[in-house]
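Just below is one structure, and these are the notes that go with it.
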Amino acid sequence: MAARIRAHDWARTPLGPIPSWSSRLKLMVEQVLASPLVASLVCRPDHILIYNDPAARLYGAHHPAALGRPLPETWPEAYPAVAHHYERVFAGESVHVPAQALAVSGPGQVFDAYLSPVRDARGCVVAAHMIGFEISGRLRAEAALRASEDRQAFLLRLSDALRPLSDPVAAQGVACRLLGEHLGVDRAWYVAVDEADGIARVERDWVRDGAPSLSGEHPVARFAWSLDILRGGACHAVDDARTSPLVAAVDRPALAALEIVSCAGAPLIRDGGLEGALCVTGSATRPWRPDEIELLREVAERLWAAIQRARAEAALRDSEERFRQFAASSSDALWIREAATLAMEYVSPAIRTIYGVEPEAILGDPKRWAGLIVPEDRDAAIAHLEQARRGEAVTHEFRILRPSDGAFRWVRDTDFPLLDAAGRVQRVAGIAEDVTESKQAAEHQSVLLLELQHRVRNILVMIRSIAARTGETAGDVGDYRDLLEGRLRALARTQVLLTRAANAGVDLASLIRAEVEVQAAREGQFTLAGAGLLLAPKAAEVLTLAVHELATNALKYGAFAHAGGRLAVAWRVAQAEDGPRLLFDWVETGAPAPLVPPQRQGFGTTLIEQRIPYELKGRGRLSFEPDGLRCRLEFPLRQGDSILETDTVVLSTTIAGGSLDMAGEADLSGCRGLVVEDDYYIATDTERALRGAGGTVLGPVGSEDQALGLIAREAPDCAVVDINLGAGVRFSVAEALQERGVPFVFVTGYDDVMIPARFDAVERLRKPVEFRQVVRAAARLCAA
């Protein structure tokens with residue numbers, strides 16, 4: 001441009017030849033030529049144009065003819081838009097012209113320009129200096145960026161609106177409303193396509209200004225022209241359905257009936273088939289932009305993702321609710337652990353009953369669960385858990401100490417792995433069952449079986465003895481049969497009475513009446529007098545046979561042998577030095593002839609005078625008076641088991657807890673013991689053992705600072721101290737206890753050589769220690 005300016009015939013312009021230009025004008029021309037930006041001078045009086053190379057490239061076909069010509073003549077159509085800016089500059093102002101649309105080399109050009117006045121030596125404005133930026137590309141980029149930002153902002157708003165929704169139909173409604181409002185259409189809807197049934201189902205749509213809704217089921221054929229395009233995976237965009245070649249003439253009336261002129265749709269293809277589509281329509285012609293169709297496609301994908309998520313969440317909620325109801329109703333406890341750390345993630349409410357803790361108490365760290373297990377069973381329980389973590393299913397049993405009531409319980413755990421899609425163990429789950437009662441029942445059944453064997457043998461021995469002794473006094477076979485049958489029936493009646501009384505004892509009056517009524521001719525022949533009294537099973541067994549023998553003898557030789565005989569039975573309880581005693585009198589009167597004592601001792605006499613003293617520790621005496629037999633029985637009322645009882649074994653109500661079971665150990669009531677131990681299990685087990693013996697525990701604590709703080713604040717009666725609390729062998733806690741005169745015992749795995757001589761008098765318990773030893777040591781310390 002410098003060469004062109006030098007070669008130009010300026011004499012033909014109002015500026016005149018270059019030598020006549022003022023030094024200031026020449027300087028401004030040099031600045032214009034040196035500028036890397038579009039730069040020009042518009043000189044008065046005719047607005048003569050001088051410009052540089054960047055401007056020349058911008059002017060295109062107007063270059064080089066524009067050089068030295070009046071600006072209004074070069075761009076007669078464009079100049080009026082900027083004329084007023086130049087007038088302001090010639091009036092002495094500096095002017096900024098932002099984003100000025102100006103077609104200097106074609107349509108669509110936009111400039112950002114700065115105009116400033118150029119003055120001569122007298123201060124008069126002789127030219128306008130312009131520096132310009134052609135910003136059309138930048139504006140287009142900014143517009144595209146704004147559109148992209150608007151699009152992203154809309155998609156974010158859509159995602160935020162869809163995220164909390166758990167109902168697939170509600171998600172459709174929200175997406176269609178937001179899309180319809182954003183695009184300014186009349187109707188937006190999601191349609192699910194069932195090709196097999198030929199049904200297109202619209203569950204929720206959005207309409208503007210009362211347009212008819214499309215909700216419901218429609219035959220696929222109604223949208224045939226649209227579905228043909230969508231099946232191929234392409235979007236369709238119809239600017240005017242009345243003239244578009246995409247819409248067959250036969251389908252246009254149906255669209256017109258729905259007031260659809262413009263429409264667009266995006267398909268959802270899954271597994272090679274058309275799953276559905278997202279559609280928008282308008283009642284006027286609309287030229288669809290590519291970015292609008294792309295937005296429609298993105299919204300369709302996000303809506304489909306939201307629908308699938310909502311369906312999955314609904315299915316998950318249903319599944320979780322079924323699981324929750326199942327877990328809440330199960331008497332067994334269900335649990336799930338994270339495989340990597342074995343941290344408990346879930347436990348069902350039944351854990352409260354079985355373990356005696358709230359479910360939250362054993363969530364997280366597995367030590368919380370393991371700490372409830374008695375020490376002897378703990379390692380095996382953890383080892384079985386490790387087996388499940390390695391992919392095995394295992395069933396095992398262990399004992400726990402239930403905090404809620406201090407009871408030891410047997411738990412049967414079935415542990416099994418839960419695998420992810422790749423077959424890796426992701427979690428470990430299990431079912432815990434309290435089997436204490438079943439184990440007790442099995443043990444009880446075993447004891448009952450042994451007891452039954454014992455009693456059957458004893459009964460057989462008794463029957464053999466009765467049979468043998470009956471044979472010694474029977475006159476013939478018939479007599480032997482009658483005597484033996486009567487005695488066995490008496491035993492049977494006793495067994496019936498014991499069963500009815502649930503082995504608690506036998507009513508004495510019922511026992512006597514049962515035997516006497518069998519032999520008496522009528523009820524008026526006998527009287528029974530005495531207070532209500534329950535005989536112990538053993539006493540009932542012996543007394544039944546005695547009364548049977550007396551009643552049988554009365555039938556043969558005494559009161560029941562003729563109509564005029566009478567029997568009076570009376571009993572009472574008298575207090576003696578060894579406790580209450582039963583006094584029993586059997587008195588017969590009205591014998592038909594003077595009663596003669598037998599020449600030899602029979603079964604009944606032996607029973608009364610020998611068995612009663614031997615088994616019941618009492619006395620029995622028979623006297624044969626002229627008018628009838630008299631019998632006096634006397635024995636202490638003591639508890640005793642009979643071989644005729646059906647159940648005298650008492651079921652144990654507790655399960656022993658190994659070294660944590662302090663039953664029978666020293667009573668630590670009133671003793672406050674401090675436990676200093678850094679191992680969690682040893683610390684908590686020591687605490688349980690001391691509490692189980694009735695003591696109060698301070699701590700346990702696992703560090704020196706905690707121990708020293710407790711010693712300073714509290715006043716323990718004794719202490720159980722480990723000499724290594726994770727920081728090596730240290731004796732600051734022992735020294736603090738000695739200073740305060742608190743007796744203590746070391747529980748340690750170290751040899752004596754590690755303990756200073758100043759602690760020679762301190763008792764040492766070696767790990768692994770029996771917790772009974774700890775309790776006994778604490779009892780000695782507290783007593784001292």
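Every chain in the structure tokens has a letter given in the order shown (A, B, ...), and although residue numbers restart at 1 in each chain, ligands are simply numbered from 1 in the order shown.
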Requested in this report: Write out as a list of chain:residue names the residues lying within 12 Å of Ala663 in chain A, counting only C-alpha atoms and excluding same-chain residues fewer than 6 positions away.
Outcome: A:Gly406, A:Ala407, A:Phe408, A:Thr654, A:Ile655, A:Ala656, A:Gly657, A:Ala689, A:Leu690, A:Arg691, A:Gly692, A:Ala693, A:Gly694, A:Arg772, A:Val775
Query raised in the report: Got a sec: who's within 9 Å of Pro597 in chain A, counting only C-alpha atoms, leaving out chain neighbours fewer than 5 positions off, as a count of residues only?
Result: 3
Query raised in the report: In terms of the shortest atom-to-atom distance over only C-alpha atoms, which of A:Leu115, A:Glu203, A:Gln440, A:Ala83 is closest to Pro98 in chain A?
Result: A:Leu115
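The smallest atom-to-atom distance between Pro598 in chain A and any of A:Thr473, A:Arg611, A:Glu517, A:Arg740, using only C-alpha atoms, is found for A:Thr473.
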Query raised in the report: Near Ala310 in chain A, counting only C-alpha atoms, which residues have an atom at most 8 Å away, once you skip same-chain residues fewer than 2 positions from it, shown as a list in words?
Result: Leu165, Ser166, Asp167, Pro168, Ala306, Ile307, Gln308, Ala312, Glu313 and Ala314 of chain A
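Compared by their closest atoms to Ala536 in chain A, and using only C-alpha atoms, the residues A:Ile512, A:Thr436, A:Leu637, A:Pro592 rank with A:Leu637 nearest.
Minimum atom-to-atom distances from A:Ala305, A:Ala757, A:Leu629, A:Ile229 to Ala171 in chain A were compared using only C-alpha atoms, and the lowest value belongs to A:Ala305.
Closest approach to Gly530 in chain A among A:Ala570, A:Val516, A:Ala284, A:Phe223: A:Ala570, based on only C-alpha atoms.
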Requested in this report: Would you kindly return, as a list in words, each protein, DNA or RNA residue with an atom no farther than 7 Å from any atom of range 215-218 of chain A, considering only C-alpha atoms and excluding same-chain residues fewer than 5 positions away?
Outcome: Ile199, Ala200, Arg201, Val202, Glu203, Arg204 and Asp205 of chain A
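Residue nearest Glu665 in chain A, chosen from A:Arg157, A:Arg424, A:Arg776, A:Arg412 and counting only C-alpha atoms: A:Arg776.
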Requested in this report: Write out as a list in words each polymer residue whose atoms come within 10 Å of Ser732 in chain A, counting only C-alpha atoms; drop sequence neighbours fewer than 3 positions from it.
Outcome: Glu704, Asp705, Ala707, Leu708, Ile723, Val729, Glu735, Ala736, Leu737 and Gln738 of chain A
Query raised in the report: Within 10 Å of range 321-323 of chain A, counting only C-alpha atoms, which residues qualify if same-chain residues fewer than 6 places away don't, as a count of residues only?
Result: 3
Requested in this report: Step one, run DSSP on the backbone; step two, keep only residues of range 64-205 of chain A assigned to strand (DSSP E); then write them as a ChimeraX atom specification.
Outcome: /A:95-101,110-119,125-134,187-194,199-205
